[in-house]
file data-v5.tsv (TSV, C-alpha atoms)
chain	number	residue	atom	x	y	z
A	1	MET	CA	-13.89	10.14	-25.71
A	2	GLU	CA	-10.91	10.88	-23.48
A	3	LYS	CA	-10.57	8.66	-20.43
A	4	LYS	CA	-11.11	10.14	-17.00
A	5	SER	CA	-8.05	9.90	-14.76
A	6	LEU	CA	-8.02	8.39	-11.29
A	7	LEU	CA	-5.36	8.41	-8.58
A	8	ILE	CA	-5.63	5.85	-5.78
A	9	VAL	CA	-3.55	6.93	-2.79
A	10	GLY	CA	-2.66	3.89	-0.69
A	11	ALA	CA	-3.12	1.38	-3.48
A	12	GLY	CA	-0.80	-1.32	-2.20
A	13	GLY	CA	-2.98	-2.81	0.52
A	14	PHE	CA	-5.87	-5.24	0.64
A	15	ILE	CA	-8.55	-2.86	-0.64
A	16	GLY	CA	-6.23	-0.88	-2.92
A	17	GLY	CA	-5.65	-3.73	-5.34
A	18	PHE	CA	-9.40	-4.16	-5.80
A	19	ILE	CA	-9.87	-0.41	-6.39
A	20	ALA	CA	-7.15	-0.43	-9.04
A	21	ALA	CA	-8.66	-3.43	-10.84
A	22	GLU	CA	-12.11	-1.84	-10.81
A	23	GLY	CA	-10.72	1.46	-12.07
A	24	LEU	CA	-9.29	-0.31	-15.10
A	25	ARG	CA	-12.48	-2.29	-15.62
A	26	ARG	CA	-14.52	0.91	-15.67
A	27	GLY	CA	-12.25	2.54	-18.19
A	28	TYR	CA	-10.32	5.01	-16.04
A	29	GLU	CA	-6.71	5.98	-16.72
A	30	THR	CA	-5.64	4.54	-13.39
A	31	TYR	CA	-2.71	5.76	-11.31
A	32	VAL	CA	-1.65	3.99	-8.12
A	33	GLY	CA	-0.01	6.00	-5.36
A	34	VAL	CA	2.48	3.84	-3.45
A	35	ARG	CA	5.55	4.22	-1.28
A	36	ALA	CA	8.89	3.09	-2.68
A	37	SER	CA	8.78	0.17	-0.21
A	38	THR	CA	5.17	-0.84	-0.93
A	39	SER	CA	4.55	-4.35	-2.21
A	40	ARG	CA	2.96	-4.31	-5.65
A	41	ARG	CA	1.75	-7.88	-5.46
A	42	TYR	CA	-1.81	-6.87	-6.33
A	43	LEU	CA	-0.79	-4.13	-8.77
A	44	GLN	CA	0.69	-6.18	-11.59
A	45	ASP	CA	-1.46	-4.97	-14.48
A	46	GLU	CA	0.77	-3.16	-16.98
A	47	ARG	CA	-1.94	-0.55	-17.63
A	48	LEU	CA	-1.48	0.88	-14.13
A	49	HIS	CA	0.69	3.98	-13.70
A	50	ALA	CA	2.74	3.94	-10.49
A	51	VAL	CA	3.20	7.22	-8.60
A	52	VAL	CA	5.83	6.83	-5.88
A	53	LEU	CA	5.02	9.12	-2.94
A	54	ASP	CA	7.02	9.97	0.15
A	55	TYR	CA	4.46	11.30	2.63
A	56	ASP	CA	7.22	12.41	5.01
A	57	ASP	CA	8.68	14.74	2.37
A	58	PRO	CA	5.98	17.28	1.40
A	59	GLU	CA	8.23	19.16	-1.03
A	60	GLY	CA	9.25	15.96	-2.79
A	61	MET	CA	5.65	14.77	-2.88
A	62	GLU	CA	4.53	18.06	-4.42
A	63	ALA	CA	7.17	17.74	-7.13
A	64	THR	CA	6.07	14.18	-7.86
A	65	LEU	CA	2.40	15.12	-8.09
A	66	ARG	CA	3.19	18.00	-10.45
A	67	ALA	CA	5.27	15.73	-12.67
A	68	GLU	CA	2.85	12.79	-12.77
A	69	ALA	CA	-0.61	14.40	-12.92
A	70	PRO	CA	-2.09	14.05	-16.43
A	71	GLY	CA	-3.01	17.46	-17.79
A	72	GLY	CA	-2.05	19.09	-14.51
A	73	ARG	CA	-4.47	17.21	-12.24
A	74	TRP	CA	-6.38	13.99	-11.78
A	75	ASP	CA	-10.13	13.99	-12.37
A	76	TYR	CA	-10.76	11.80	-9.32
A	77	ILE	CA	-8.72	10.89	-6.26
A	78	ILE	CA	-9.53	8.08	-3.82
A	79	TRP	CA	-7.66	8.37	-0.52
A	80	ASN	CA	-7.31	4.80	0.71
A	81	LEU	CA	-4.13	5.22	2.76
A	82	GLY	CA	-4.49	4.54	6.46
A	83	ALA	CA	-3.13	2.68	9.48
A	84	THR	CA	-5.48	0.43	11.46
A	85	LYS	CA	-2.90	-0.60	14.07
A	86	CYS	CA	0.32	1.08	15.21
A	87	ALA	CA	3.05	0.28	17.72
A	88	ASP	CA	3.32	3.98	18.51
A	89	TYR	CA	-0.13	5.54	18.89
A	90	ASN	CA	1.24	8.87	17.62
A	91	ASP	CA	1.50	7.19	14.23
A	92	PHE	CA	-2.29	7.09	13.99
A	93	ASN	CA	-2.29	10.88	14.01
A	94	LEU	CA	0.63	11.06	11.60
A	95	ILE	CA	-0.68	8.60	9.01
A	96	ASN	CA	-4.43	9.06	9.32
A	97	PHE	CA	-4.52	12.83	9.79
A	98	MET	CA	-1.25	14.61	9.00
A	99	TYR	CA	-0.62	12.76	5.72
A	100	PRO	CA	-4.03	13.44	4.15
A	101	ARG	CA	-4.05	17.04	5.40
A	102	THR	CA	-0.65	17.70	3.85
A	103	PHE	CA	-1.71	16.03	0.61
A	104	VAL	CA	-4.90	18.10	0.34
A	105	GLU	CA	-2.98	21.30	1.10
A	106	ILE	CA	-0.64	20.49	-1.80
A	107	LEU	CA	-3.59	19.91	-4.14
A	108	ARG	CA	-5.14	23.25	-3.20
A	109	ARG	CA	-1.87	25.19	-3.38
A	110	CYS	CA	-0.97	23.75	-6.79
A	111	ASP	CA	-4.41	24.15	-8.37
A	112	MET	CA	-4.73	20.35	-8.61
A	113	VAL	CA	-8.09	19.94	-6.86
A	114	PRO	CA	-9.95	17.03	-8.52
A	115	GLU	CA	-13.61	16.83	-9.49
A	116	ARG	CA	-14.07	14.57	-6.48
A	117	PHE	CA	-11.93	13.46	-3.56
A	118	LEU	CA	-13.22	10.31	-1.87
A	119	TYR	CA	-11.86	9.87	1.64
A	120	MET	CA	-11.98	6.39	3.13
A	121	SER	CA	-12.77	6.87	6.79
A	122	SER	CA	-14.19	4.16	9.07
A	123	LEU	CA	-17.26	3.31	11.12
A	124	SER	CA	-14.89	3.56	14.10
A	125	ALA	CA	-14.95	7.33	13.54
A	126	VAL	CA	-18.49	7.22	14.95
A	127	GLY	CA	-17.65	5.12	18.00
A	128	PRO	CA	-20.07	3.24	20.28
A	129	SER	CA	-23.75	3.67	19.53
A	130	ASP	CA	-27.05	2.63	21.15
A	131	GLU	CA	-26.36	-0.63	23.01
A	132	ARG	CA	-29.74	-0.81	24.73
A	133	ASP	CA	-32.20	-0.76	21.81
A	134	TYR	CA	-29.59	-1.39	19.10
A	135	THR	CA	-30.68	1.55	16.97
A	136	PRO	CA	-28.73	1.46	13.68
A	137	ILE	CA	-25.89	3.92	13.14
A	138	THR	CA	-26.67	6.52	10.46
A	139	SER	CA	-24.73	9.23	8.66
A	140	ARG	CA	-26.30	11.68	11.12
A	141	THR	CA	-25.25	9.83	14.29
A	142	VAL	CA	-23.14	12.18	16.42
A	143	PRO	CA	-19.56	10.80	16.46
A	144	ASN	CA	-18.04	9.79	19.77
A	145	PRO	CA	-14.97	7.74	18.85
A	146	ASN	CA	-13.35	5.82	21.71
A	147	THR	CA	-10.23	4.55	19.91
A	148	ARG	CA	-7.12	6.35	18.76
A	149	TYR	CA	-7.78	4.96	15.30
A	150	GLY	CA	-11.30	6.40	15.27
A	151	LEU	CA	-10.11	9.76	16.62
A	152	SER	CA	-7.53	10.07	13.87
A	153	LYS	CA	-10.20	9.41	11.25
A	154	ILE	CA	-12.70	11.91	12.63
A	155	LYS	CA	-9.95	14.56	12.72
A	156	THR	CA	-9.47	14.22	8.97
A	157	GLU	CA	-13.21	14.25	8.36
A	158	THR	CA	-13.48	17.47	10.37
A	159	TYR	CA	-10.57	19.02	8.48
A	160	LEU	CA	-12.23	18.31	5.12
A	161	GLU	CA	-15.47	19.83	6.36
A	162	THR	CA	-13.65	23.11	7.06
A	163	LEU	CA	-12.75	23.49	3.37
A	164	PRO	CA	-15.70	25.19	1.66
A	165	ASP	CA	-14.18	24.88	-1.81
A	166	PHE	CA	-13.04	21.26	-1.65
A	167	PRO	CA	-15.18	18.53	-3.33
A	168	TRP	CA	-14.99	15.72	-0.76
A	169	THR	CA	-17.11	12.64	-0.21
A	170	ILE	CA	-16.55	10.54	2.90
A	171	PHE	CA	-17.12	6.80	3.28
A	172	ARG	CA	-17.41	5.16	6.71
A	173	PRO	CA	-17.31	1.44	5.93
A	174	THR	CA	-17.98	-1.19	8.54
A	175	GLY	CA	-15.76	-4.30	8.71
A	176	VAL	CA	-14.39	-4.97	5.22
A	177	TYR	CA	-13.59	-8.56	4.33
A	178	GLY	CA	-12.69	-10.64	1.30
A	179	PRO	CA	-9.68	-12.35	-0.33
A	180	HIS	CA	-6.30	-11.13	0.98
A	181	GLU	CA	-7.76	-9.46	4.12
A	182	GLN	CA	-5.93	-10.64	7.25
A	183	ASP	CA	-8.00	-9.92	10.37
A	184	TYR	CA	-11.10	-11.85	9.30
A	185	LEU	CA	-8.79	-14.50	7.87
A	186	MET	CA	-7.56	-15.11	11.42
A	187	MET	CA	-11.15	-15.77	12.50
A	188	ILE	CA	-11.71	-18.10	9.56
A	189	LYS	CA	-8.55	-20.04	10.35
A	190	CYS	CA	-9.62	-20.35	13.98
A	191	ILE	CA	-13.02	-21.74	12.98
A	192	ASP	CA	-11.27	-24.06	10.54
A	193	ARG	CA	-9.43	-25.49	13.55
A	194	GLY	CA	-12.76	-26.05	15.30
A	195	TRP	CA	-12.83	-23.05	17.66
A	196	ASP	CA	-14.74	-19.76	17.60
A	197	PHE	CA	-13.75	-17.18	20.20
A	198	GLY	CA	-16.13	-14.37	21.12
A	199	VAL	CA	-15.82	-11.54	23.62
A	200	GLY	CA	-18.45	-10.51	26.15
A	201	TYR	CA	-21.74	-12.11	27.14
A	202	LYS	CA	-24.10	-9.32	26.07
A	203	ARG	CA	-25.65	-9.64	22.61
A	204	GLN	CA	-23.44	-8.27	19.87
A	205	MET	CA	-24.71	-7.39	16.40
A	206	LEU	CA	-22.05	-7.31	13.69
A	207	THR	CA	-22.08	-5.80	10.21
A	208	PHE	CA	-19.90	-6.54	7.21
A	209	ILE	CA	-19.16	-5.32	3.71
A	210	TYR	CA	-17.54	-7.50	1.06
A	211	VAL	CA	-14.64	-5.75	-0.66
A	212	ASP	CA	-16.21	-5.88	-4.15
A	213	ASP	CA	-19.35	-4.18	-2.88
A	214	LEU	CA	-17.33	-1.46	-1.15
A	215	VAL	CA	-15.22	-0.78	-4.22
A	216	GLY	CA	-18.23	-0.71	-6.51
A	217	ALA	CA	-19.82	1.84	-4.18
A	218	MET	CA	-16.73	4.06	-4.42
A	219	PHE	CA	-17.03	4.40	-8.19
A	220	ASP	CA	-20.79	4.87	-8.12
A	221	ALA	CA	-20.37	7.61	-5.50
A	222	ILE	CA	-17.68	9.65	-7.27
A	223	ALA	CA	-19.81	9.64	-10.43
A	224	SER	CA	-22.84	11.12	-8.64
A	225	GLU	CA	-23.35	14.84	-8.03
A	226	ALA	CA	-25.64	13.97	-5.12
A	227	THR	CA	-22.68	12.73	-3.06
A	228	LEU	CA	-20.76	16.03	-3.04
A	229	ARG	CA	-19.72	16.98	0.52
A	230	ARG	CA	-21.71	14.15	2.07
A	231	LYS	CA	-20.84	11.25	4.38
A	232	TYR	CA	-22.03	7.66	3.96
A	233	ILE	CA	-22.17	4.53	6.05
A	234	ILE	CA	-21.19	1.60	3.83
A	235	SER	CA	-22.39	-1.78	5.05
A	236	GLU	CA	-24.65	-4.64	4.25
A	237	ASP	CA	-28.10	-3.47	5.32
A	238	ARG	CA	-28.52	-6.04	8.06
A	239	ALA	CA	-26.62	-7.15	11.14
A	240	TYR	CA	-25.57	-10.65	12.20
A	241	SER	CA	-24.87	-12.39	15.46
A	242	GLN	CA	-21.55	-14.10	16.06
A	243	ARG	CA	-23.41	-17.40	15.89
A	244	GLU	CA	-24.72	-16.62	12.42
A	245	PHE	CA	-21.27	-15.62	11.22
A	246	ARG	CA	-19.74	-18.77	12.71
A	247	GLY	CA	-22.37	-20.94	11.04
A	248	MET	CA	-21.73	-19.45	7.60
A	249	VAL	CA	-17.96	-19.84	7.90
A	250	ALA	CA	-18.30	-23.42	9.17
A	251	LYS	CA	-20.62	-24.26	6.28
A	252	ALA	CA	-18.22	-22.80	3.73
A	253	LEU	CA	-15.34	-24.72	5.31
A	254	GLY	CA	-17.32	-27.96	5.51
A	255	LYS	CA	-16.86	-28.07	9.29
A	256	ARG	CA	-19.49	-30.03	11.18
A	257	CYS	CA	-18.35	-29.16	14.68
A	258	VAL	CA	-17.10	-25.78	15.89
A	259	ILE	CA	-16.85	-25.09	19.61
A	260	PRO	CA	-17.88	-21.55	20.61
A	261	VAL	CA	-15.87	-20.03	23.46
A	262	LYS	CA	-16.98	-16.82	25.17
A	263	LEU	CA	-14.32	-14.78	26.95
A	264	PRO	CA	-15.34	-12.23	29.59
A	265	LEU	CA	-14.45	-8.65	28.73
A	266	TRP	CA	-11.88	-8.38	31.52
A	267	MET	CA	-9.99	-11.38	30.18
A	268	ALA	CA	-9.99	-9.96	26.66
A	269	TYR	CA	-8.66	-6.67	28.02
A	270	VAL	CA	-5.81	-8.36	29.89
A	271	ALA	CA	-4.91	-10.39	26.79
A	272	SER	CA	-4.93	-7.21	24.69
A	273	VAL	CA	-2.60	-5.36	27.06
A	274	VAL	CA	-0.18	-8.28	27.28
A	275	ALA	CA	-0.15	-8.87	23.51
A	276	GLU	CA	0.43	-5.17	22.88
A	277	LYS	CA	3.35	-4.94	25.32
A	278	VAL	CA	4.99	-8.14	24.06
A	279	ALA	CA	4.74	-6.94	20.45
A	280	LEU	CA	6.13	-3.53	21.40
A	281	ALA	CA	9.10	-5.15	23.15
A	282	ARG	CA	9.80	-7.09	19.95
A	283	GLY	CA	9.42	-4.01	17.77
A	284	ARG	CA	6.25	-5.32	16.15
A	285	VAL	CA	2.60	-4.35	15.86
A	286	SER	CA	0.06	-6.62	17.55
A	287	THR	CA	-3.30	-7.34	15.93
A	288	LEU	CA	-4.69	-7.67	19.46
A	289	ASN	CA	-4.24	-4.39	21.36
A	290	ARG	CA	-6.19	-1.96	23.52
A	291	ASP	CA	-7.65	-0.15	20.53
A	292	LYS	CA	-8.81	-3.46	19.10
A	293	TYR	CA	-10.28	-4.40	22.49
A	294	ARG	CA	-12.50	-1.30	22.48
A	295	ILE	CA	-13.72	-2.27	19.03
A	296	MET	CA	-14.44	-5.86	20.13
A	297	ARG	CA	-16.25	-4.55	23.21
A	298	GLN	CA	-18.68	-2.53	21.12
A	299	ARG	CA	-22.02	-4.35	20.97
A	300	ASN	CA	-23.98	-2.52	18.29
A	301	TRP	CA	-22.58	-2.27	14.76
A	302	SER	CA	-26.00	-2.14	13.07
A	303	CYS	CA	-26.09	0.32	10.16
A	304	ASP	CA	-28.62	2.36	8.21
A	305	VAL	CA	-27.42	2.78	4.61
A	306	SER	CA	-30.53	4.46	3.20
A	307	ASP	CA	-28.61	7.66	2.33
A	308	ALA	CA	-26.25	5.70	0.08
A	309	VAL	CA	-29.15	3.85	-1.54
A	310	ARG	CA	-30.91	7.15	-2.25
A	311	ASP	CA	-27.94	9.15	-3.52
A	312	PHE	CA	-26.03	6.68	-5.70
A	313	GLY	CA	-28.04	3.46	-5.82
A	314	PHE	CA	-25.88	1.54	-3.36
A	315	LYS	CA	-26.64	-2.16	-3.25
A	316	VAL	CA	-25.01	-5.28	-1.91
A	317	ASN	CA	-24.28	-8.08	-4.37
A	318	PHE	CA	-22.40	-10.16	-1.81
A	319	PRO	CA	-24.50	-10.73	1.31
A	320	LEU	CA	-22.50	-12.32	4.10
A	321	GLU	CA	-23.08	-15.96	3.20
A	322	ARG	CA	-21.97	-15.44	-0.40
A	323	GLY	CA	-19.05	-13.22	0.61
A	324	VAL	CA	-17.85	-15.72	3.21
A	325	ALA	CA	-18.00	-18.50	0.63
A	326	GLU	CA	-15.83	-16.47	-1.77
A	327	THR	CA	-13.37	-15.59	0.99
A	328	VAL	CA	-13.07	-19.20	2.14
A	329	LYS	CA	-12.57	-20.29	-1.46
A	330	ALA	CA	-9.60	-17.91	-1.73
A	331	TYR	CA	-8.29	-19.08	1.65
A	332	LYS	CA	-8.42	-22.69	0.50
A	333	GLY	CA	-6.76	-21.79	-2.80
A	334	PHE	CA	-9.61	-22.92	-5.02

call {"tool": "encode", "arguments": {"input": "data-v5.tsv", "output": "C-alpha cells"}}
result
Amino acid sequence: MEKKSLLIVGAGGFIGGFIAAEGLRRGYETYVGVRASTSRRYLQDERLHAVVLDYDDPEGMEATLRAEAPGGRWDYIIWNLGATKCADYNDFNLINFMYPRTFVEILRRCDMVPERFLYMSSLSAVGPSDERDYTPITSRTVPNPNTRYGLSKIKTETYLETLPDFPWTIFRPTGVYGPHEQDYLMMIKCIDRGWDFGVGYKRQMLTFIYVDDLVGAMFDAIASEATLRRKYIISEDRAYSQREFRGMVAKALGKRCVIPVKLPLWMAYVASVVAEKVALARGRVSTLNRDKYRIMRQRNWSCDVSDAVRDFGFKVNFPLERGVAETVKAYKGF
C-alpha cells in the first residue's frame, strides 16, 4: 500500500519536531516545510524530506511547492507556522494571516488542494470568556479576541471559512507544554529557584495540553471524515489553579519549599510595558509584553472538549501531573 504524504508547514519549532516524529511513526511520507534559516535541531531523521519555503516570495514558494509535491500534491497538510510574540505588531498579521492566506491561494490556483488541511490556531482566538461562573469555553463560544496574536489567528480562521471548496479543520489548543517549550520552562525554572509568581488576586483557572497529546490529536483528526470544516478546542478536560500547578512542578523537582508571590494586575501591566520597550530598543522580542499581559489577566481558561471526543476519539494520555514530570525530566537532562 502506497504511503500517504504529509507536509508540515512550520516544522522547525517546538511542536513541529514532535509532529514530524509522529508522522514517521504513523507511516506517512513526511515532508517538513522550513525556512532556509530554520534550525533543524529536532528534524534530524534522514527519512524526512525538507521543503525550503520563502513565505515572502509567493512566486518562488509556488515553484518550490510544484517541484516538491509528490504526485502533484500532498495528501495532508498541517499548518503549524505562527508567531506568538513579535517586536512589530504588524508581523502578527503578516505571519499569522498573510502567510497562510497566500499559501492556500497557491494550493487552490495550482490544483494542489490536499485531502485535509489542518490549521493550528489558538485558544487566544476566542479571547476572554465567562469570568463570573467560569463556564468552559466550547467550539461554539463566540470569539472576542483581545490580543493582536488572537486577532491574527481569528482572521485566518475566518478566511478559511469563506472557502466553500477547501477541506479545512481548525485546532484551538490551550497552553501547550512539554520538552523544548520555552515559556513554561521559564515558570519551571522559577519554581526550581523557590519562587512562583502569579498575577491578579481573583481566582484563575488554567488549562494545559501536553505536546504528545496535541500531536496525537492532529493525526486522529485528519484521518476522520467527521472533522471536515469543523473547529476544535484541544485541552485536558479539566482546569487547574496556579497552586495545583505549582505543587505538581515542585513535586517533580523535589522542592519542599516554594514561595508564592501574587502581583497586582497594575504592576504586571507596568512590567510588561517596560519589558516590551526595553526589548524593542535592543532590537529583540520580549516574552513579557502587553499581549502577554492580556493573556495572563484572563481568569477563565476552562475548556469543553466534548466535540473532539465525539468526532475523533480525543483523549489525554498525559494529565498535568504526568506531563509536568516528563517536562521536568527533560529540563533536568534525565

call {"tool": "residues_around", "arguments": {"input": "data-v5.tsv", "residues": "stretch 320-326 of chain A", "least_positions_apart": "4", "cutoff": "6 Å", "atoms": "all atoms listed in the file", "output": "PyMOL selection string"}}
result
chain A and resi 210+248+252

call {"tool": "closest_atom_pairs", "arguments": {"input": "data-v5.tsv", "of": "stretch 130-202 of chain A", "to": "stretch 91-103 of chain A", "cutoff": "9 Å", "atoms": "all atoms listed in the file", "output": "CSV"}}
result
residue,atom,partner,partner_atom,distance
A:Arg148,CA,A:Phe92,CA,6.8
A:Tyr149,CA,A:Phe92,CA,6.0
A:Leu151,CA,A:Asn93,CA,8.3
A:Ser152,CA,A:Asn93,CA,5.3
A:Lys153,CA,A:Asn96,CA,6.1
A:Ile154,CA,A:Phe97,CA,8.7
A:Lys155,CA,A:Phe97,CA,6.4
A:Thr156,CA,A:Phe97,CA,5.2
A:Glu157,CA,A:Phe97,CA,8.9
A:Tyr159,CA,A:Arg101,CA,7.5
A:Leu160,CA,A:Arg101,CA,8.3

call {"tool": "closest_residue", "arguments": {"input": "data-v5.tsv", "among": "A:Ala308, A:Cys86, A:Ile191, A:Met205", "to": "A:Ser139", "atoms": "only C-alpha atoms"}}
result
A:Ala308

call {"tool": "axis_aligned_box", "arguments": {"input": "data-v5.tsv", "around": "stretch 62-75 of chain A", "padding_each_side": "3 Å", "output": "AutoDock Vina command-line options"}}
result
--center_x -1.5 --center_y 15.9 --center_z -11.1 --size_x 23.3 --size_y 12.3 --size_z 19.4

call {"tool": "residues_near_point", "arguments": {"input": "data-v5.tsv", "point": "(-2.2, -0.5, 9.9)", "cutoff": "12 Å", "atoms": "only C-alpha atoms", "output": "ChimeraX atom specification"}}
result
/A:10,13-14,80-89,91-92,95-96,149,182-183,284-287,291-292

call {"tool": "atom_distance", "arguments": {"input": "data-v5.tsv", "atom1": "atom CA of A:Thr138", "atom2": "atom CA of A:Arg310"}}
result
13.4 Å

call {"tool": "residues_around", "arguments": {"input": "data-v5.tsv", "residues": "stretch 294-298 of chain A", "least_positions_apart": "4", "cutoff": "9 Å", "atoms": "only C-alpha atoms", "output": "NGL selection string"}}
result
:A and (124 or 127-129 or 131 or 146-147 or 198-200 or 204 or 265 or 268-269 or 289-290)

call {"tool": "residues_around", "arguments": {"input": "data-v5.tsv", "residues": "stretch 114-120 of chain A", "least_positions_apart": "2", "cutoff": "9 Å", "atoms": "all atoms listed in the file", "output": "NGL selection string"}}
result
:A and (73-82 or 100 or 107 or 112 or 122 or 153 or 156-157 or 166-173 or 218 or 221-223 or 228)

call {"tool": "closest_residue", "arguments": {"input": "data-v5.tsv", "among": "A:Leu185, A:Val215, A:Val34, A:Leu65", "to": "A:Ile8", "atoms": "all atoms listed in the file"}}
result
A:Val34

call {"tool": "atom_distance", "arguments": {"input": "data-v5.tsv", "atom1": "atom CA of A:Leu123", "atom2": "atom CA of A:Thr30"}}
result
27.2 Å

call {"tool": "closest_residue", "arguments": {"input": "data-v5.tsv", "among": "A:Asn144, A:Leu280, A:Leu206, A:Ser121", "to": "A:Lys231", "atoms": "only C-alpha atoms"}}
result
A:Ser121

call {"tool": "residues_around", "arguments": {"input": "data-v5.tsv", "residues": "A:Phe312", "least_positions_apart": "4", "cutoff": "12 Å", "atoms": "all atoms listed in the file", "output": "PyMOL selection string"}}
result
chain A and resi 216-228+230+232+234+305-308

call {"tool": "closest_residue", "arguments": {"input": "data-v5.tsv", "among": "A:Leu263, A:Leu7, A:Ile188, A:Ile15", "to": "A:Tyr201", "atoms": "only C-alpha atoms"}}
result
A:Leu263

call {"tool": "atom_distance", "arguments": {"input": "data-v5.tsv", "atom1": "atom CA of A:Pro58", "atom2": "atom CA of A:Gln44"}}
result
27.3 Å

call {"tool": "closest_residue", "arguments": {"input": "data-v5.tsv", "among": "A:Arg25, A:Arg109, A:His49, A:His180", "to": "A:Glu62", "atoms": "all atoms listed in the file"}}
result
A:Arg109

call {"tool": "residues_near_point", "arguments": {"input": "data-v5.tsv", "point": "(2.7, -1.6, -0.6)", "cutoff": "10 Å", "atoms": "all atoms listed in the file", "output": "count of residues only"}}
result
18

call {"tool": "closest_residue", "arguments": {"input": "data-v5.tsv", "among": "A:Pro319, A:Gly150, A:Gly333, A:Gly313", "to": "A:Pro179", "atoms": "only C-alpha atoms"}}
result
A:Gly333
